[in-house]
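A short worksheet on the structure shown next.
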Amino acid sequence: MVYMPKNISKIDEWQQERQRMFKAVSAQGKIIQYLGKTFVVYKNTFWPFRDSQPLVKNFKIKKGEHVLDMGTGSGVIAIFACYRGAEKVVAVDINPAAIKSTRHNAKMHGFEKMIVVKRSNLFENIGKEQFDVITANLPFRNKRAHDVVAKSQWDTGLKTNKQFFKEVRKHLRPKGRIYFAQSNFGAIEEIKTLAKAARFSIKVIGRQSADGKVFYAFVLKPR
Ligand SMILES: C[S@@+](CC[C@H](N)C(=O)[O-])C[C@H]1O[C@@H](n2cnc3c(N)ncnc32)[C@H](O)[C@@H]1O
């Protein structure tokens, strides 16, 4: 596995540029093409991007399964879960702009009855519901996030990722699985440590490289 790219300041610049682009979207929203499908993102929403593709290309959903998509952004993973046969998807995000984008995209793809979109800080508004599958493309990097747009890429002190692993088991059915995205410029070693401490096995199911950046998808199962 390849880890941290040599020039992390280039990653900072690239991520800051992306945050400026997320903020500059007009009131009509912006159309993004992703794996042959169309998505709309409203201002301040994380755009569907290569980071989620190893997960979307490799996750398995059995017909009729219930899925929780944590940190749904534009709703891209939630919508692909519906195309793969999920019966119900709960799509949550802390960012109100993501909620607006996901509602729009769920309707545009004809899944508005299957996708329940909720604003939630992690599992806060999930109640006691349990899922067969939990998908998560959470912010990758341990870096101070000063606003809600920065929070789509950076996780101050990895607090969100740590809290996710504290709570996730309660919301997973006993034979359930988690599909989790990370990157070589993120916190892979920390995530592996958190997963093991929470008694999950962890295995790479997909990877994709571009410009020295490597994006990974993992499957995690309760031990
Ligand atoms: C890397 S983006 C991924 C978005 C989308 N799932 C995708 O794959 O394109 C991370 C998302 O997690 C959300 N997020 C960050 N902290 C969160 C939290 N504490 N609770 C819920 N969502 C959170 C962000 O707002 C952002 O939409």
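In the structure tokens, the first chain shown is A, the next is B, and so on; residue numbers restart at 1 for each chain, and ligands run from 1 in the order shown.
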| task | Show which residues sit within 9 Å of A:Cys82, as a VMD selection string. Count only C-alpha atoms, and ignore same-chain residues fewer than 4 positions away. | result | chain A and resid 61 77 to 78 86 to 89 111 114 to 115
How about saving the chosen residues, N, CA and C atoms kept, as a PDB file, in the first residue's frame?
```pdb
ATOM      1  N   ILE A  61     -24.553  -4.842  -2.467  1.00  0.00           N
ATOM      2  CA  ILE A  61     -25.814  -4.685  -1.749  1.00  0.00           C
ATOM      3  C   ILE A  61     -26.722  -5.814  -2.219  1.00  0.00           C
ATOM      4  N   ILE A  77     -23.521   7.992  -3.027  1.00  0.00           N
ATOM      5  CA  ILE A  77     -23.396   6.581  -2.604  1.00  0.00           C
ATOM      6  C   ILE A  77     -24.787   6.015  -2.306  1.00  0.00           C
ATOM      7  N   ALA A  78     -25.641   6.838  -1.681  1.00  0.00           N
ATOM      8  CA  ALA A  78     -27.025   6.413  -1.372  1.00  0.00           C
ATOM      9  C   ALA A  78     -27.760   6.023  -2.658  1.00  0.00           C
ATOM     10  N   ALA A  86     -30.876  -1.910  -2.927  1.00  0.00           N
ATOM     11  CA  ALA A  86     -31.290  -1.618  -1.546  1.00  0.00           C
ATOM     12  C   ALA A  86     -32.802  -1.363  -1.516  1.00  0.00           C
ATOM     13  N   GLU A  87     -33.426  -1.773  -0.405  1.00  0.00           N
ATOM     14  CA  GLU A  87     -34.863  -1.531  -0.264  1.00  0.00           C
ATOM     15  C   GLU A  87     -35.102  -0.149   0.339  1.00  0.00           C
ATOM     16  N   LYS A  88     -34.187   0.222   1.273  1.00  0.00           N
ATOM     17  CA  LYS A  88     -34.315   1.509   1.947  1.00  0.00           C
ATOM     18  C   LYS A  88     -32.911   2.047   2.228  1.00  0.00           C
ATOM     19  N   VAL A  89     -32.735   3.346   2.039  1.00  0.00           N
ATOM     20  CA  VAL A  89     -31.461   3.984   2.399  1.00  0.00           C
ATOM     21  C   VAL A  89     -31.770   5.193   3.264  1.00  0.00           C
ATOM     22  N   PHE A 111     -35.713   7.843  -6.732  1.00  0.00           N
ATOM     23  CA  PHE A 111     -35.593   7.059  -5.498  1.00  0.00           C
ATOM     24  C   PHE A 111     -36.105   7.822  -4.265  1.00  0.00           C
ATOM     25  N   MET A 114     -37.478   5.708  -1.555  1.00  0.00           N
ATOM     26  CA  MET A 114     -36.566   4.735  -0.917  1.00  0.00           C
ATOM     27  C   MET A 114     -35.512   5.404  -0.047  1.00  0.00           C
ATOM     28  N   ILE A 115     -35.197   6.671  -0.349  1.00  0.00           N
ATOM     29  CA  ILE A 115     -34.120   7.346   0.404  1.00  0.00           C
ATOM     30  C   ILE A 115     -34.727   8.338   1.402  1.00  0.00           C
TER      31      ILE A 115
END
```
| message | Based on the backbone DSSP call, show me all residues of stretch 41-185 of chain A assigned strand (DSSP E), as a VMD selection string. | response | chain A and resid 41 66 to 70 88 to 93 115 to 119 131 to 136 172 to 183
Just C-alpha atoms for this one: save the residues we selected as a PDB file, in the first residue's frame.
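Output saved as result.pdb:
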```pdb
ATOM      1  CA  VAL A  41     -24.830  19.887  -6.302  1.00  0.00           C
ATOM      2  CA  HIS A  66     -31.309  -1.525   4.438  1.00  0.00           C
ATOM      3  CA  VAL A  67     -28.407   0.909   4.106  1.00  0.00           C
ATOM      4  CA  LEU A  68     -27.211   3.910   6.089  1.00  0.00           C
ATOM      5  CA  ASP A  69     -25.071   6.370   4.092  1.00  0.00           C
ATOM      6  CA  MET A  70     -23.104   8.432   6.611  1.00  0.00           C
ATOM      7  CA  LYS A  88     -34.315   1.509   1.947  1.00  0.00           C
ATOM      8  CA  VAL A  89     -31.461   3.984   2.399  1.00  0.00           C
ATOM      9  CA  VAL A  90     -31.135   6.513   5.197  1.00  0.00           C
ATOM     10  CA  ALA A  91     -28.827   9.281   3.942  1.00  0.00           C
ATOM     11  CA  VAL A  92     -27.482  11.683   6.569  1.00  0.00           C
ATOM     12  CA  ASP A  93     -25.176  14.673   6.632  1.00  0.00           C
ATOM     13  CA  ILE A 115     -34.120   7.346   0.404  1.00  0.00           C
ATOM     14  CA  VAL A 116     -34.872   9.021   3.735  1.00  0.00           C
ATOM     15  CA  VAL A 117     -32.700  12.150   3.907  1.00  0.00           C
ATOM     16  CA  LYS A 118     -31.915  13.501   7.378  1.00  0.00           C
ATOM     17  CA  ARG A 119     -29.707  16.179   8.820  1.00  0.00           C
ATOM     18  CA  PHE A 131     -28.783  -1.492   9.042  1.00  0.00           C
ATOM     19  CA  ASP A 132     -27.401  -4.366   6.953  1.00  0.00           C
ATOM     20  CA  VAL A 133     -24.863  -2.008   5.378  1.00  0.00           C
ATOM     21  CA  ILE A 134     -23.329   1.285   6.494  1.00  0.00           C
ATOM     22  CA  THR A 135     -21.386   3.289   3.912  1.00  0.00           C
ATOM     23  CA  ALA A 136     -19.088   6.127   4.936  1.00  0.00           C
ATOM     24  CA  LEU A 172     -25.199  -2.397  12.413  1.00  0.00           C
ATOM     25  CA  ARG A 173     -27.134  -5.652  12.305  1.00  0.00           C
ATOM     26  CA  PRO A 174     -25.095  -8.569  13.729  1.00  0.00           C
ATOM     27  CA  LYS A 175     -24.082  -9.839  10.255  1.00  0.00           C
ATOM     28  CA  GLY A 176     -23.839  -6.373   8.767  1.00  0.00           C
ATOM     29  CA  ARG A 177     -20.873  -4.722   7.067  1.00  0.00           C
ATOM     30  CA  ILE A 178     -19.379  -1.260   6.658  1.00  0.00           C
ATOM     31  CA  TYR A 179     -17.956   0.105   3.416  1.00  0.00           C
ATOM     32  CA  PHE A 180     -15.472   2.846   4.217  1.00  0.00           C
ATOM     33  CA  ALA A 181     -13.472   5.209   1.951  1.00  0.00           C
ATOM     34  CA  GLN A 182     -10.007   6.598   2.720  1.00  0.00           C
ATOM     35  CA  SER A 183      -6.910   7.888   0.915  1.00  0.00           C
TER      36      SER A 183
END
```
Which residues are close to A:Phe123, i.e. within 9 Å by only C-alpha atoms, leaving aside same-chain residues fewer than 3 positions away? Reply as a compact mmCIF listing (two decimals) with N, CA and C atoms, in the first residue's frame.
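around_8.txt, freshly written:
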```txt
# COMPACT_ATOMS: atom_id res chain seq x y z
N MET A 70 -23.56 7.41 5.66
CA MET A 70 -23.10 8.43 6.61
C MET A 70 -22.27 9.49 5.88
N VAL A 92 -27.60 10.59 5.60
CA VAL A 92 -27.48 11.68 6.57
C VAL A 92 -26.22 12.51 6.33
N SER A 120 -28.10 15.16 10.29
CA SER A 120 -27.68 14.51 11.53
C SER A 120 -26.17 14.65 11.70
N ILE A 126 -30.60 9.23 14.25
CA ILE A 126 -30.91 7.93 13.65
C ILE A 126 -31.81 7.10 14.56
N GLY A 127 -31.89 7.49 15.81
CA GLY A 127 -32.67 6.69 16.78
C GLY A 127 -31.99 5.35 17.01
N PHE A 164 -17.51 8.04 15.09
CA PHE A 164 -18.15 7.06 14.20
C PHE A 164 -17.86 5.65 14.70
N GLU A 167 -19.70 4.52 17.87
CA GLU A 167 -21.16 4.34 17.84
C GLU A 167 -21.65 3.36 16.78
N VAL A 168 -20.82 3.05 15.79
CA VAL A 168 -21.34 2.39 14.60
C VAL A 168 -21.92 1.00 14.88
N HIS A 171 -25.59 0.44 15.39
CA HIS A 171 -26.49 0.66 14.25
C HIS A 171 -26.31 -0.37 13.13
```
Counting only C-alpha atoms and all ligand atoms, which residues of chain A sit at most 7 Å from some atom of ligand 1, and what is each one's closest atom pair with its distance in Å to one decimal, listed by chain and rising residue number, as CSV?
```
residue,atom,partner,partner_atom_place_in_ligand_line,distance
A:Thr45,CA,ligand 1,27 (O),6.4
A:Phe46,CA,ligand 1,27 (O),5.5
A:Trp47,CA,ligand 1,9 (O),5.8
A:Pro48,CA,ligand 1,9 (O),4.2
A:Phe49,CA,ligand 1,9 (O),6.0
A:Asp51,CA,ligand 1,8 (O),6.8
A:Ser52,CA,ligand 1,8 (O),4.7
A:Met70,CA,ligand 1,22 (N),6.0
A:Gly71,CA,ligand 1,12 (O),3.4
A:Thr72,CA,ligand 1,6 (N),3.8
A:Gly73,CA,ligand 1,27 (O),3.4
A:Ser74,CA,ligand 1,5 (C),5.9
A:Gly75,CA,ligand 1,5 (C),6.2
A:Val76,CA,ligand 1,9 (O),5.9
A:Ile77,CA,ligand 1,6 (N),5.9
A:Val92,CA,ligand 1,21 (C),6.1
A:Asp93,CA,ligand 1,22 (N),3.7
A:Ile94,CA,ligand 1,21 (C),4.2
A:Asn95,CA,ligand 1,25 (O),4.7
A:Ala98,CA,ligand 1,27 (O),5.9
A:Ser120,CA,ligand 1,21 (C),5.7
A:Asn121,CA,ligand 1,20 (N),3.7
A:Leu122,CA,ligand 1,20 (N),3.7
A:Ala136,CA,ligand 1,6 (N),6.6
A:Asn137,CA,ligand 1,3 (C),4.8
A:Leu138,CA,ligand 1,10 (C),4.3
A:Pro139,CA,ligand 1,1 (C),4.7
A:Phe140,CA,ligand 1,1 (C),6.9
A:Val148,CA,ligand 1,25 (O),6.5
A:Val149,CA,ligand 1,25 (O),6.8
A:Lys151,CA,ligand 1,15 (C),5.2
A:Ser152,CA,ligand 1,24 (C),3.8
A:Gln153,CA,ligand 1,1 (C),5.3
A:Thr160,CA,ligand 1,19 (N),5.2
```
Convert the current residue selection to file output with C-alpha atoms, as an mmCIF file, in the first residue's frame.
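Output file selection.cif is given in full below:
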```
data_model
loop_
_atom_site.group_PDB
_atom_site.id
_atom_site.type_symbol
_atom_site.label_atom_id
_atom_site.label_comp_id
_atom_site.auth_asym_id
_atom_site.auth_seq_id
_atom_site.Cartn_x
_atom_site.Cartn_y
_atom_site.Cartn_z
ATOM 1 C CA THR A 45 -21.972 20.631 -1.141
ATOM 2 C CA PHE A 46 -19.056 18.204 -1.679
ATOM 3 C CA TRP A 47 -19.073 17.183 -5.376
ATOM 4 C CA PRO A 48 -19.160 13.490 -6.400
ATOM 5 C CA PHE A 49 -15.534 12.673 -7.162
ATOM 6 C CA ASP A 51 -12.590 9.448 -3.886
ATOM 7 C CA SER A 52 -15.847 7.479 -3.631
ATOM 8 C CA MET A 70 -23.104 8.432 6.611
ATOM 9 C CA GLY A 71 -21.909 11.839 5.319
ATOM 10 C CA THR A 72 -23.959 11.557 2.146
ATOM 11 C CA GLY A 73 -22.865 14.857 0.469
ATOM 12 C CA SER A 74 -24.650 14.888 -2.892
ATOM 13 C CA GLY A 75 -26.249 11.511 -2.060
ATOM 14 C CA VAL A 76 -24.093 9.754 -4.634
ATOM 15 C CA ILE A 77 -23.396 6.581 -2.604
ATOM 16 C CA VAL A 92 -27.482 11.683 6.569
ATOM 17 C CA ASP A 93 -25.176 14.673 6.632
ATOM 18 C CA ILE A 94 -24.311 17.462 9.047
ATOM 19 C CA ASN A 95 -24.353 20.054 6.231
ATOM 20 C CA ALA A 98 -25.859 18.347 1.370
ATOM 21 C CA SER A 120 -27.682 14.507 11.526
ATOM 22 C CA ASN A 121 -24.362 14.874 13.278
ATOM 23 C CA LEU A 122 -23.230 11.256 12.807
ATOM 24 C CA ALA A 136 -19.088 6.127 4.936
ATOM 25 C CA ASN A 137 -16.926 8.497 2.960
ATOM 26 C CA LEU A 138 -16.131 10.764 5.901
ATOM 27 C CA PRO A 139 -13.538 13.585 5.839
ATOM 28 C CA PHE A 140 -10.156 11.889 5.309
ATOM 29 C CA VAL A 148 -18.991 23.304 7.215
ATOM 30 C CA VAL A 149 -17.403 23.122 3.752
ATOM 31 C CA LYS A 151 -15.651 19.700 7.310
ATOM 32 C CA SER A 152 -16.341 17.777 4.120
ATOM 33 C CA GLN A 153 -12.576 17.167 3.737
ATOM 34 C CA THR A 160 -15.816 12.606 13.721
#
```
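Our summary of the geometry notes that atom CA of A:Lys63 is positioned 20.1 Å from atom CA of A:Ile205.
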| task | Please provide as a PyMOL selection string all residues within 12 Å of A:Gly157, with the sequence filter that same-chain residues fewer than 5 positions apart are discarded (counting only C-alpha atoms). | result | chain A and resi 139-145+151+162-163+187+190
| In stretch 5-184 of chain A, DSSP alpha helix (DSSP H) residues written as a ChimeraX atom specification | /A:8-23,53-58,76-83,96-108,159-167
Restricted to C-alpha atoms, what would the selected residues look like written as a PDB file, in the first residue's frame?
```
ATOM      1  CA  ILE A   8       1.342  17.562   1.548  1.00  0.00           C
ATOM      2  CA  SER A   9       1.262  21.349   0.947  1.00  0.00           C
ATOM      3  CA  LYS A  10       0.162  20.586  -2.649  1.00  0.00           C
ATOM      4  CA  ILE A  11      -2.700  18.529  -1.195  1.00  0.00           C
ATOM      5  CA  ASP A  12      -3.635  21.493   1.051  1.00  0.00           C
ATOM      6  CA  GLU A  13      -3.743  23.837  -1.968  1.00  0.00           C
ATOM      7  CA  TRP A  14      -5.762  21.375  -4.028  1.00  0.00           C
ATOM      8  CA  GLN A  15      -8.293  20.822  -1.230  1.00  0.00           C
ATOM      9  CA  GLN A  16      -8.596  24.562  -0.550  1.00  0.00           C
ATOM     10  CA  GLU A  17      -9.225  25.143  -4.254  1.00  0.00           C
ATOM     11  CA  ARG A  18     -11.972  22.516  -4.175  1.00  0.00           C
ATOM     12  CA  GLN A  19     -13.560  24.179  -1.139  1.00  0.00           C
ATOM     13  CA  ARG A  20     -13.587  27.499  -3.053  1.00  0.00           C
ATOM     14  CA  MET A  21     -15.314  25.718  -5.968  1.00  0.00           C
ATOM     15  CA  PHE A  22     -17.957  24.156  -3.653  1.00  0.00           C
ATOM     16  CA  LYS A  23     -18.687  27.654  -2.276  1.00  0.00           C
ATOM     17  CA  GLN A  53     -15.382   5.447  -6.844  1.00  0.00           C
ATOM     18  CA  PRO A  54     -13.487   2.450  -5.383  1.00  0.00           C
ATOM     19  CA  LEU A  55     -16.371   2.119  -2.905  1.00  0.00           C
ATOM     20  CA  VAL A  56     -19.181   2.633  -5.426  1.00  0.00           C
ATOM     21  CA  LYS A  57     -17.595   0.266  -7.954  1.00  0.00           C
ATOM     22  CA  ASN A  58     -16.984  -2.524  -5.435  1.00  0.00           C
ATOM     23  CA  VAL A  76     -24.093   9.754  -4.634  1.00  0.00           C
ATOM     24  CA  ILE A  77     -23.396   6.581  -2.604  1.00  0.00           C
ATOM     25  CA  ALA A  78     -27.025   6.413  -1.372  1.00  0.00           C
ATOM     26  CA  ILE A  79     -28.268   6.587  -4.968  1.00  0.00           C
ATOM     27  CA  PHE A  80     -25.893   3.873  -6.196  1.00  0.00           C
ATOM     28  CA  ALA A  81     -27.037   1.710  -3.250  1.00  0.00           C
ATOM     29  CA  CYS A  82     -30.591   2.012  -4.631  1.00  0.00           C
ATOM     30  CA  TYR A  83     -29.423   1.069  -8.157  1.00  0.00           C
ATOM     31  CA  PRO A  96     -27.784  21.516   5.250  1.00  0.00           C
ATOM     32  CA  ALA A  97     -26.534  22.095   1.685  1.00  0.00           C
ATOM     33  CA  ALA A  98     -25.859  18.347   1.370  1.00  0.00           C
ATOM     34  CA  ILE A  99     -29.422  17.624   2.491  1.00  0.00           C
ATOM     35  CA  LYS A 100     -30.787  19.916  -0.246  1.00  0.00           C
ATOM     36  CA  SER A 101     -28.540  18.316  -2.906  1.00  0.00           C
ATOM     37  CA  THR A 102     -29.359  14.744  -1.816  1.00  0.00           C
ATOM     38  CA  ARG A 103     -33.145  15.410  -1.818  1.00  0.00           C
ATOM     39  CA  HIS A 104     -32.854  16.802  -5.345  1.00  0.00           C
ATOM     40  CA  ASN A 105     -30.744  13.870  -6.595  1.00  0.00           C
ATOM     41  CA  ALA A 106     -32.907  11.205  -4.917  1.00  0.00           C
ATOM     42  CA  LYS A 107     -35.939  12.625  -6.742  1.00  0.00           C
ATOM     43  CA  MET A 108     -34.085  13.068 -10.053  1.00  0.00           C
ATOM     44  CA  LYS A 159     -13.111  13.584  16.221  1.00  0.00           C
ATOM     45  CA  THR A 160     -15.816  12.606  13.721  1.00  0.00           C
ATOM     46  CA  ASN A 161     -14.005   9.441  12.615  1.00  0.00           C
ATOM     47  CA  LYS A 162     -13.335   8.444  16.259  1.00  0.00           C
ATOM     48  CA  GLN A 163     -16.969   9.033  17.257  1.00  0.00           C
ATOM     49  CA  PHE A 164     -18.145   7.064  14.202  1.00  0.00           C
ATOM     50  CA  PHE A 165     -16.238   3.995  15.405  1.00  0.00           C
ATOM     51  CA  LYS A 166     -17.544   4.424  18.963  1.00  0.00           C
ATOM     52  CA  GLU A 167     -21.160   4.339  17.838  1.00  0.00           C
TER      53      GLU A 167
END
```
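The space between atom CA of A:Glu65 and atom CA of A:Glu129 spans 13.3 Å.
Going from atom CA of A:Lys37 to atom CA of A:Lys213 covers 23.6 Å.
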| said: Just checking: using only C-alpha atoms, which residue out of A:Phe185, A:His146, A:Lys192, A:Val25 ends up closest to A:Val204? | reply: A:Lys192
